[in-house]
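A.B. asks: The structure is given below, and queries will be raised subsequently.
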Amino acid sequence: MDICDIRKILAVIGLSAFVVSSNTFAQASSQFSPLTAKRCDQLLEKDVITNKNPVPCRRLSQVNFDYMSEGGVIKTDGELVVLDVLAPKVSALFHELLKNGFVIEKAHPIEEYSGDDKKSMANNNSSAFNGRAITGGSRWSMHAYGAAIDINPVQNPFIDISDDGTANIRPAKSSHYAVNRLKYRPNTKQRPGMAEEVVNLFAENGFFIWGGFWNYPIDYQHFQVGPRSFVELLVSLDYEKGETILNKTINTYKECREVNADMHNEDKLLSVCIASTIDSMPTK
Ligand SMILES: [Zn+2]
């Protein structure tokens with residue numbers, strides 16, 4: 001039995017690599033397992049995945065996790081579907097988000113919304129896999145590879161800006177709530193669940209590109225592993241090779257932060273280390 005077999009068995013019985021490595025079985029708040037054939041059939045039926053999808057359903061895993069909702073209530077029904085090699089990272093990420101008290105409104109499978117991203121966003125639902133094209137385009141979205149996560153869409157809207165300066169803010173609920181991104185404002189309550197708070201945590205777990213860095217569209221809710229070329233490389237490799245490359249990339253990011261720890265400016269540190277990590281990524 002090699003390490004791969006052990007990992008598969010642990011995944012089936014619901015223990016994440018994170019939990020195993022840190023010996024905190026009793027505190028497991030997050031676990032992952034491959035999608036079953038039955039679940040894949042259901043996704044096909046609901047058109048959330050098609051036979052043309054860039055990643056076959058057998059390469060997808062579900063991550064189930066506890067999370068803190070507003071008011072400090074712990075909910076246990078969190079679920080995201082991601083590329084198999086990302087599942088241990090996503091499991092560890094959501095364990096960390098819970099530990100840090102990061103508020104998540106809800107995270108239900110996208111098939112509850114029949115794959116309709118607008119409905120999921122309007123319901124402030126966090127999601128990952130969705131076999132769809134990019135918003136406003138025809139190329140596959142990073143969500144179709146299971147390599148992107150949208151977090152708290154109402155706190156973190158998608159803002160499309162056209163040439164004439166018109167901004168389209170989705171979901172609409174965000175427009176008078178979350179376009180101003182300042183954390184501290186006089187006589188104004190802080191807003192929990194803003195993506196800015198967790199950019200480093202996402203990067204430490206393999207999600208290096210944040211849509212909040214873009215000029216347009218600005219996609220505050222969106223985190224993805226890397227550029228399309230890197231994601232396509234991950235998908236083309238078997239689990240072990242993909243995991244090795246992913247771990248190497250995460251180490252590059254962590255080492256950069258250590259080397260530049262005296263920068264004393266978190267925004268600058270994030271920017272420098274994410275840029276150098278993306279530059280170091282191998283491509284297909
Ligand atoms: Zn997204």
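In the structure tokens, chains take the letters A, B, ... in the order shown, each chain's residues start at 1, and ligands count up from 1 in the order shown.
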With only C-alpha atoms as the counted atoms, please give the residues lying no more than 10 Å from region 94-101 of chain A, apart from itself and same-chain residues fewer than 4 positions off, as a list of chain:residue names.

C.D. replies: A:Phe18, A:Val19, A:Gln27, A:Ala28, A:Ser29, A:Ser30, A:Gln31, A:Val63, A:Asn64, A:Phe65, A:Asp66, A:Tyr67, A:Met68, A:Ser69, A:Glu70, A:Gly72, A:Ile74, A:Gly78, A:Lys89, A:Val90, A:Pro192, A:Gly193, A:Val198, A:Leu201, A:Phe202, A:Asn205

A.B. asks: Using only C-alpha atoms and all ligand atoms, which residues of chain A come within 8 Å of ligand 1, and what is the closest atom pair for each, with the distance in Å to one decimal? Give it as CSV, sorted by chain and residue number.

C.D. replies:
residue,atom,partner,partner_atom_place_in_ligand_line,distance
A:Ala128,CA,ligand 1,1 (Zn),7.4
A:Ser141,CA,ligand 1,1 (Zn),7.9
A:Met142,CA,ligand 1,1 (Zn),7.4
A:His143,CA,ligand 1,1 (Zn),6.5
A:Ala148,CA,ligand 1,1 (Zn),5.9
A:Ile149,CA,ligand 1,1 (Zn),5.8
A:Asp150,CA,ligand 1,1 (Zn),4.7
A:Gly211,CA,ligand 1,1 (Zn),8.0
A:Asp219,CA,ligand 1,1 (Zn),7.2
A:Gln221,CA,ligand 1,1 (Zn),6.5
A:His222,CA,ligand 1,1 (Zn),4.1
A:Phe223,CA,ligand 1,1 (Zn),6.5
A:Gln224,CA,ligand 1,1 (Zn),7.6

A.B. asks: Write the residues of the preceding selection, restricted to C-alpha atoms, as a PDB file, in the first residue's frame.

C.D. replies:
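Contents of again-v9.pdb, freshly written:
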ATOM      1  CA  ALA A 128     -16.476  26.186  -6.179  1.00  0.00           C
ATOM      2  CA  SER A 141     -14.322  29.198 -16.215  1.00  0.00           C
ATOM      3  CA  MET A 142     -11.727  28.144 -13.645  1.00  0.00           C
ATOM      4  CA  HIS A 143     -14.781  26.866 -11.749  1.00  0.00           C
ATOM      5  CA  ALA A 148     -11.713  28.378  -8.137  1.00  0.00           C
ATOM      6  CA  ILE A 149     -13.732  29.326  -5.059  1.00  0.00           C
ATOM      7  CA  ASP A 150     -16.221  32.205  -4.736  1.00  0.00           C
ATOM      8  CA  GLY A 211     -10.071  38.676  -8.378  1.00  0.00           C
ATOM      9  CA  ASP A 219     -14.132  39.949  -8.720  1.00  0.00           C
ATOM     10  CA  GLN A 221     -15.402  36.880  -4.266  1.00  0.00           C
ATOM     11  CA  HIS A 222     -13.125  34.907  -6.610  1.00  0.00           C
ATOM     12  CA  PHE A 223      -9.976  32.961  -5.726  1.00  0.00           C
ATOM     13  CA  GLN A 224      -8.260  30.624  -8.188  1.00  0.00           C
TER      14      GLN A 224
END

A.B. asks: List the neighbours of Ala107 (chain A) out to 7 Å using only C-alpha atoms; skip same-chain residues closer than 4 positions along the sequence, and give me the result as a compact mmCIF listing (two decimals) with C-alpha atoms, in the first residue's frame.

C.D. replies:
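around-v1.txt was written with the following content:
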# COMPACT_ATOMS: atom_id res chain seq x y z
CA GLY A 78 -20.57 23.52 4.37
CA GLU A 79 -19.69 21.81 1.10
CA LEU A 80 -17.50 22.70 -1.87
CA ASN A 125 -23.76 31.23 -1.36
CA SER A 126 -20.06 30.35 -1.47
CA SER A 127 -19.28 27.80 -4.19

A.B. asks: Kindly indicate which residue among A:Pro54, A:Ala178, A:Leu83, A:Asn168 lies nearest to Arg139 (chain A), using only C-alpha atoms for the distances.

C.D. replies: A:Pro54

A.B. asks: Determine, counting only C-alpha atoms, which protein, DNA and RNA residues have an atom within 12 Å of an atom of Asn260 (chain A); residues of the same chain fewer than 6 positions away are not included. Present the result as an MDAnalysis selection string.

C.D. replies: chainID A and resid 253:254 266 268:273 276
